[in-house]
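Written out below as structure tokens is the structure these notes cover.
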Amino acid sequence: MASTRSQPLLFQPLKIANGTIELKHRVILAPLTRNRGVPVFEDTPEKPNRDWYPDELVTEYYQQRATEGGLLISEGLPPSLQGGGMPGTTGLYLPEHIVGWKKVVEAVHAKGGYIYAQLWHSGRTTIAPTTGLPSVAPSAVKWDDPNEEYPYPPPGHDKRAKYRDHPPVELTVSDIKRVIGEYCEAARRAVEECGFDGVEVHGGNGYLPEQFLSSNVNMRNDDYGGSPEKRCRFVVELMEELAKTAGQEKVALRLSPFGLFNQARGSQRMGTWSHLCKELKTKIPHMSYVSFIEPRYEQVFSTAEKDSFLGSWGLETVDLSHFRKVFGDTPFFSAGGWYDGNFSGVLESGRYDALLFGRWFISNPDLVRRLREGLPLRMYERDRFYGPFPDRERGYTDYTAWDVEKEHSATVDGIKGDVATTSTVEVKASA
């Protein structure tokens, strides 16, 4: 459908999930870690709590951002305690998780919206003192930076631990099959028990799937490492099994081929991710959608620093057009730095089918309306992105809609500053 002056393509319908879901607009809530879960049980020195669940406040947060025919992607949900453990984050492996997320899904559906569960396995980016279990990775590679610390003190401690002091253990082939099974069980729970409309695998930002793709982390010499093709095997097998579990049309994948977060420093970027995408398009042709992070967007480094990395790889002018071509008619999403000042004409160019918004959806629960009507966006509070906090609602559910906000003189007029740049402290807890 061609766009018109009065209705840009961003606000026109889009079919995903192999045509079984028709979105009424293309403004999508990006997956955002907020650390607002409630402890499953009271924390004690003898038995520290390591699990959290979503309650009514979490339900309210997602309901506030739901719109008729709009798509929300949940925060990252670990398929197991070993895959997560970060304070305030909730998974999909306990009965309390299922009960809580079912209420979230029902609230979003009540407003006519759709919601996908993002499955997130941290791999080597979590540590044993946090989960009480060994962290796992493709290879037992220690953290490069000897001083970098996990962002939260482990349960029962008042100081943060260094990554390098807690290296991961290498996954055996049987371990790999077990982890894939945990993903599949989480997907089944998400769709069948919670009612999510689909699941998205977090395959970027240096988490477990990308750890297999990264040559500086994956040092294996078996069928899961040693070449770009073999390093792709884990992700391909994972997506194939998820498609068998939930249906091709209900699975999606998020990728960051040019990301640096969490020490993703692998080489052979184009070769590795090109092979991955070709395999996925061949073996799972009816995937719901794919979501890519922009090449020059980086959670840790500035644009200039990121350009320096791209230049060192010979990718100074790289964009996502190659991957767009590989995936053909699979809906293709873009995330990374989008706001009200730069989306105009992007979808009309044919580069993408939809855009994901993160920070500005945090502080503007009615973001869809504001973008459509050209209303000013309210600035977010950076230091309230990631909990846990005793006052959980602040910077979470207390942002007001335009009709309420316009009555107050504190309304922020427009966007100021570089929205594509953020600090290491802010994003270390980001999923």
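Ligands are numbered from 1 in the order shown, residues from 1 within each chain, and chains are lettered A, B, ... in the order they appear in the structure tokens.
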A:Asp319 surroundings by only C-alpha atoms, 9 Å radius, close-in-sequence under 4 positions cut, as number ranges by chain: A: 294-296, 315, 323
Go ahead and save the residues from that selection, with N, CA and C atoms, as a compact mmCIF listing (two decimals), in the first residue's frame.
```txt
# COMPACT_ATOMS: atom_id res chain seq x y z
N GLU A 294 20.52 -1.41 13.88
CA GLU A 294 21.24 -0.61 12.88
C GLU A 294 22.76 -0.73 13.05
N PRO A 295 23.51 -0.80 11.94
CA PRO A 295 24.97 -0.97 12.01
C PRO A 295 25.69 0.08 12.84
N ARG A 296 25.26 1.33 12.76
CA ARG A 296 25.97 2.40 13.46
C ARG A 296 25.42 2.69 14.84
N LEU A 315 34.05 -2.00 6.51
CA LEU A 315 32.59 -1.91 6.36
C LEU A 315 32.11 -0.48 6.59
N PHE A 323 20.93 -8.03 4.01
CA PHE A 323 20.11 -8.95 4.78
C PHE A 323 18.63 -8.81 4.39
```
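All residues of stretch 265-421 of chain A that DSSP, run on the backbone, classes as strand (DSSP E or B) are Tyr289, Val290, Ser291, Phe292, Ile293, Phe332, Phe333, Ser334, Ala335, Ala354, Leu355, Leu356 and Phe357 of chain A.
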Take the selection from the previous step and output its residues with C-alpha atoms, as a compact mmCIF listing (two decimals), in the first residue's frame.
```
# COMPACT_ATOMS: atom_id res chain seq x y z
CA TYR A 289 9.58 -11.47 11.12
CA VAL A 290 13.25 -10.61 11.62
CA SER A 291 14.49 -7.64 13.62
CA PHE A 292 17.91 -6.04 13.04
CA ILE A 293 19.84 -3.43 15.01
CA PHE A 332 12.00 -6.86 8.19
CA PHE A 333 12.22 -4.60 11.27
CA SER A 334 14.85 -2.05 12.26
CA ALA A 335 15.84 -0.86 15.75
CA ALA A 354 8.48 -1.49 10.59
CA LEU A 355 10.49 0.45 13.18
CA LEU A 356 11.16 -0.38 16.83
CA PHE A 357 11.18 2.38 19.44
```
Separation of atom CA of A:Thr33 from atom CA of A:Leu367, in Å and rounded to one decimal: 18.3 Å
Contacts of stretch 281-283 of chain A at 10 Å (only C-alpha atoms; same-chain gap of 6+ positions) as a ChimeraX atom specification: /A:236-237,239-240,243,248,326-330
Filtered DSSP result for stretch 288-390 of chain A, state helix (DSSP H, G or I), as a PyMOL selection string: chain A and resi 303-312+321-327+359-363+367-373+382-384
Point-to-point distance from atom CA of A:Arg189 to atom CA of A:Trp273, Å rounded to tenths: 29.2 Å
Using only C-alpha atoms, which protein or nucleic acid residues come within 8 Å of A:Gly203? Drop anything in the same chain fewer than 5 positions from it, and give the result as a short mmCIF file (atom, residue, chain, number, x, y, z; two decimals) with C-alpha atoms, in the first residue's frame.
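Wrote selection_23.cif, looks like this:
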```
data_model
loop_
_atom_site.label_atom_id
_atom_site.label_comp_id
_atom_site.auth_asym_id
_atom_site.auth_seq_id
_atom_site.Cartn_x
_atom_site.Cartn_y
_atom_site.Cartn_z
CA LEU A 208 24.26 -16.81 24.00
CA PRO A 209 23.19 -17.10 20.34
CA GLU A 210 25.58 -14.33 19.31
CA VAL A 235 21.22 -20.57 16.02
CA LEU A 253 14.69 -13.44 15.63
CA ARG A 254 16.56 -10.30 16.69
CA LEU A 255 20.10 -9.86 15.34
CA SER A 256 22.94 -7.33 15.69
#
```
Report the closest atom pair, with its distance in Å rounded to one decimal, for each residue of stretch 145-255 of chain A that has an atom no farther than 6 Å from stretch 262-269 of chain A; count only C-alpha atoms, sort by chain and then rising residue number, and write it as JSON lines.
```
{"residue": "A:Gly206", "atom": "CA", "partner": "A:Asn262", "partner_atom": "CA", "distance": 4.9}
{"residue": "A:Ser214", "atom": "CA", "partner": "A:Gly266", "partner_atom": "CA", "distance": 4.4}
{"residue": "A:Ser215", "atom": "CA", "partner": "A:Gly266", "partner_atom": "CA", "distance": 4.5}
{"residue": "A:Asn216", "atom": "CA", "partner": "A:Gly266", "partner_atom": "CA", "distance": 4.9}
```
Stretch 152-164 of chain A: which residues within 12 Å, counting only C-alpha atoms, same-chain residues fewer than 5 positions away excluded, as a PDB file with C-alpha atoms, in the first residue's frame?
```pdb
ATOM      1  CA  ASN A  35      14.070  -4.939  36.223  1.00  0.00           C
ATOM      2  CA  GLU A  42      11.682 -13.383  50.757  1.00  0.00           C
ATOM      3  CA  ASP A  43      15.419 -13.140  50.458  1.00  0.00           C
ATOM      4  CA  THR A  44      17.429 -14.515  53.400  1.00  0.00           C
ATOM      5  CA  PRO A  45      21.158 -15.136  53.924  1.00  0.00           C
ATOM      6  CA  GLU A  46      20.461 -18.860  54.114  1.00  0.00           C
ATOM      7  CA  LYS A  47      18.285 -18.917  51.017  1.00  0.00           C
ATOM      8  CA  PRO A  48      18.791 -15.943  48.684  1.00  0.00           C
ATOM      9  CA  ASN A  49      16.053 -15.239  46.179  1.00  0.00           C
ATOM     10  CA  ARG A  50      17.174 -15.602  42.553  1.00  0.00           C
ATOM     11  CA  ASP A  51      13.805 -15.402  40.777  1.00  0.00           C
ATOM     12  CA  GLY A  85      19.412 -14.371  37.228  1.00  0.00           C
ATOM     13  CA  MET A  86      19.620 -10.587  36.937  1.00  0.00           C
ATOM     14  CA  PRO A  87      17.735  -8.910  39.815  1.00  0.00           C
ATOM     15  CA  GLY A  88      14.214  -7.884  38.893  1.00  0.00           C
ATOM     16  CA  ARG A 124      28.625 -15.927  29.618  1.00  0.00           C
ATOM     17  CA  THR A 125      27.196 -12.483  30.476  1.00  0.00           C
ATOM     18  CA  THR A 126      25.799 -13.800  33.734  1.00  0.00           C
ATOM     19  CA  ILE A 127      27.960 -15.243  36.505  1.00  0.00           C
ATOM     20  CA  ALA A 128      27.749 -18.210  38.870  1.00  0.00           C
ATOM     21  CA  PRO A 129      27.437 -16.169  42.102  1.00  0.00           C
ATOM     22  CA  THR A 130      24.295 -14.547  40.672  1.00  0.00           C
ATOM     23  CA  THR A 131      22.441 -17.650  39.501  1.00  0.00           C
ATOM     24  CA  GLY A 132      23.983 -20.209  41.840  1.00  0.00           C
ATOM     25  CA  SER A 135      27.524 -19.707  33.505  1.00  0.00           C
ATOM     26  CA  ALA A 140      35.365 -21.337  28.301  1.00  0.00           C
ATOM     27  CA  VAL A 141      36.716 -17.943  27.274  1.00  0.00           C
ATOM     28  CA  LYS A 142      37.448 -15.485  30.067  1.00  0.00           C
ATOM     29  CA  TRP A 143      36.216 -11.905  29.943  1.00  0.00           C
ATOM     30  CA  ASP A 144      38.711  -9.658  28.128  1.00  0.00           C
ATOM     31  CA  ASP A 145      38.562  -6.773  30.578  1.00  0.00           C
ATOM     32  CA  PRO A 146      40.058  -7.844  33.933  1.00  0.00           C
ATOM     33  CA  ASN A 147      38.226  -5.070  35.781  1.00  0.00           C
ATOM     34  CA  ASN A 262      29.140  -7.657  25.793  1.00  0.00           C
ATOM     35  CA  GLN A 263      32.492  -8.134  24.057  1.00  0.00           C
ATOM     36  CA  TYR A 386      16.886  -0.307  35.169  1.00  0.00           C
ATOM     37  CA  GLY A 387      15.675  -1.325  38.630  1.00  0.00           C
ATOM     38  CA  PRO A 388      15.169  -2.810  41.037  1.00  0.00           C
ATOM     39  CA  VAL A 425      26.660   2.331  33.051  1.00  0.00           C
ATOM     40  CA  LYS A 428      25.229  -2.898  31.055  1.00  0.00           C
ATOM     41  CA  ALA A 429      21.968  -4.329  32.382  1.00  0.00           C
TER      42      ALA A 429
END
```
A:Leu57 surroundings by only C-alpha atoms, 10 Å radius, close-in-sequence under 2 positions cut, as a list in words: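 Result of the neighbour search: Arg36, Gly37, Val38, Pro54, Asp55, Thr59, Glu60, Tyr61, Tyr62, Gln63, Val104, Arg392, Glu393, Tyr396 and Thr397 of chain A.
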For the residues in that selection, give me N, CA and C atoms as a short mmCIF file (atom, residue, chain, number, x, y, z; two decimals), in the first residue's frame.
```cif
data_model
loop_
_atom_site.label_atom_id
_atom_site.label_comp_id
_atom_site.auth_asym_id
_atom_site.auth_seq_id
_atom_site.Cartn_x
_atom_site.Cartn_y
_atom_site.Cartn_z
N ARG A 36 11.76 -4.74 36.92
CA ARG A 36 10.68 -4.34 37.82
C ARG A 36 9.92 -5.54 38.41
N GLY A 37 10.45 -6.75 38.27
CA GLY A 37 9.77 -7.93 38.80
C GLY A 37 9.77 -7.96 40.33
N VAL A 38 8.93 -8.83 40.88
CA VAL A 38 8.76 -8.99 42.32
C VAL A 38 9.45 -10.29 42.74
N PRO A 54 6.35 -11.20 37.23
CA PRO A 54 5.63 -9.96 36.89
C PRO A 54 4.32 -9.87 37.65
N ASP A 55 4.05 -8.70 38.22
CA ASP A 55 2.81 -8.51 38.97
C ASP A 55 1.92 -7.49 38.26
N THR A 59 1.96 -5.56 34.51
CA THR A 59 0.80 -5.62 33.62
C THR A 59 0.37 -4.23 33.19
N GLU A 60 0.33 -3.30 34.14
CA GLU A 60 -0.08 -1.93 33.83
C GLU A 60 0.89 -1.28 32.84
N TYR A 61 2.18 -1.53 32.99
CA TYR A 61 3.19 -0.96 32.10
C TYR A 61 2.94 -1.36 30.65
N TYR A 62 2.72 -2.64 30.42
CA TYR A 62 2.49 -3.09 29.04
C TYR A 62 1.12 -2.64 28.53
N GLN A 63 0.14 -2.66 29.38
CA GLN A 63 -1.19 -2.22 28.95
C GLN A 63 -1.18 -0.76 28.54
N VAL A 104 -0.41 -10.23 31.84
CA VAL A 104 0.11 -9.19 30.95
C VAL A 104 -0.48 -9.35 29.56
N ARG A 392 8.89 1.24 42.56
CA ARG A 392 9.01 0.64 41.23
C ARG A 392 8.27 1.42 40.14
N GLU A 393 7.22 2.14 40.51
CA GLU A 393 6.40 2.79 39.51
C GLU A 393 7.05 4.03 38.90
N TYR A 396 8.40 4.34 35.32
CA TYR A 396 7.91 3.06 34.75
C TYR A 396 6.45 3.21 34.30
N THR A 397 5.55 3.40 35.26
CA THR A 397 4.14 3.55 34.91
C THR A 397 3.61 4.95 35.20
#
```
Top pick for closest residue to A:Ser274, considering A:Pro257, A:Gln211, A:Ile28, A:Pro138 and counting only C-alpha atoms: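 The closest residue to A:Ser274 is A:Pro257.
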Atom-to-atom span, atom CA of A:Pro31 and atom CA of A:Glu249, Å: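 According to the coordinates, atom CA of A:Pro31 and atom CA of A:Glu249 are separated by 19.3 Å.
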With only C-alpha atoms as the counted atoms, please give the residues lying no more than 10 Å from A:Lys111, apart from itself and same-chain residues fewer than 3 positions off, as a tab-separated table (two decimals) with N, CA and C atoms, in the first residue's frame.
```tsv
chain	number	residue	atom	x	y	z
A	63	GLN	N	0.14	-2.66	29.38
A	63	GLN	CA	-1.19	-2.22	28.95
A	63	GLN	C	-1.18	-0.76	28.54
A	64	GLN	N	-0.43	0.06	29.27
A	64	GLN	CA	-0.33	1.48	28.92
A	64	GLN	C	0.18	1.68	27.50
A	65	ARG	N	1.05	0.82	27.04
A	65	ARG	CA	1.71	0.98	25.74
A	65	ARG	C	1.05	0.17	24.62
A	66	ALA	N	0.00	-0.56	24.96
A	66	ALA	CA	-0.73	-1.34	23.96
A	66	ALA	C	-1.69	-0.46	23.19
A	67	THR	N	-1.82	-0.73	21.90
A	67	THR	CA	-2.75	-0.01	21.04
A	67	THR	C	-3.50	-1.00	20.17
A	68	GLU	N	-4.59	-0.57	19.63
A	68	GLU	CA	-5.36	-1.42	18.71
A	68	GLU	C	-4.49	-1.79	17.51
A	69	GLY	N	-4.23	-3.09	17.36
A	69	GLY	CA	-3.44	-3.55	16.22
A	69	GLY	C	-1.97	-3.26	16.32
A	70	GLY	N	-1.47	-2.86	17.50
A	70	GLY	CA	-0.06	-2.58	17.67
A	70	GLY	C	0.69	-3.79	18.22
A	106	GLU	N	-3.16	-10.93	28.59
A	106	GLU	CA	-4.61	-10.67	28.57
A	106	GLU	C	-4.90	-9.17	28.56
A	107	ALA	N	-4.11	-8.40	29.30
A	107	ALA	CA	-4.31	-6.95	29.34
A	107	ALA	C	-4.01	-6.31	27.99
A	108	VAL	N	-2.95	-6.77	27.32
A	108	VAL	CA	-2.61	-6.24	26.00
A	108	VAL	C	-3.69	-6.62	24.99
A	114	TYR	N	-1.12	-6.83	20.18
A	114	TYR	CA	-0.42	-8.11	20.06
A	114	TYR	C	0.87	-8.02	20.87
```
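Across A:Asp165, A:Glu182, A:Glu348, A:Glu22, the tightest approach to A:Gln82 is made by A:Glu182 when counting only C-alpha atoms.
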Nearest residue to A:Asn221 from the set A:Glu193, A:Val199, A:Ser139, A:Val27 (distances using only C-alpha atoms): A:Ser139
Pick from A:Ala401, A:Gly225, A:Tyr150, A:Pro95, whichever lies nearest to A:Pro167 using only C-alpha atoms: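 The shortest atom-to-atom distance to A:Pro167 comes from A:Tyr150.
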Residue among A:Glu241, A:Val346, A:His121, A:Cys232 lying closest to A:Lys177, counting only C-alpha atoms: A:Glu241
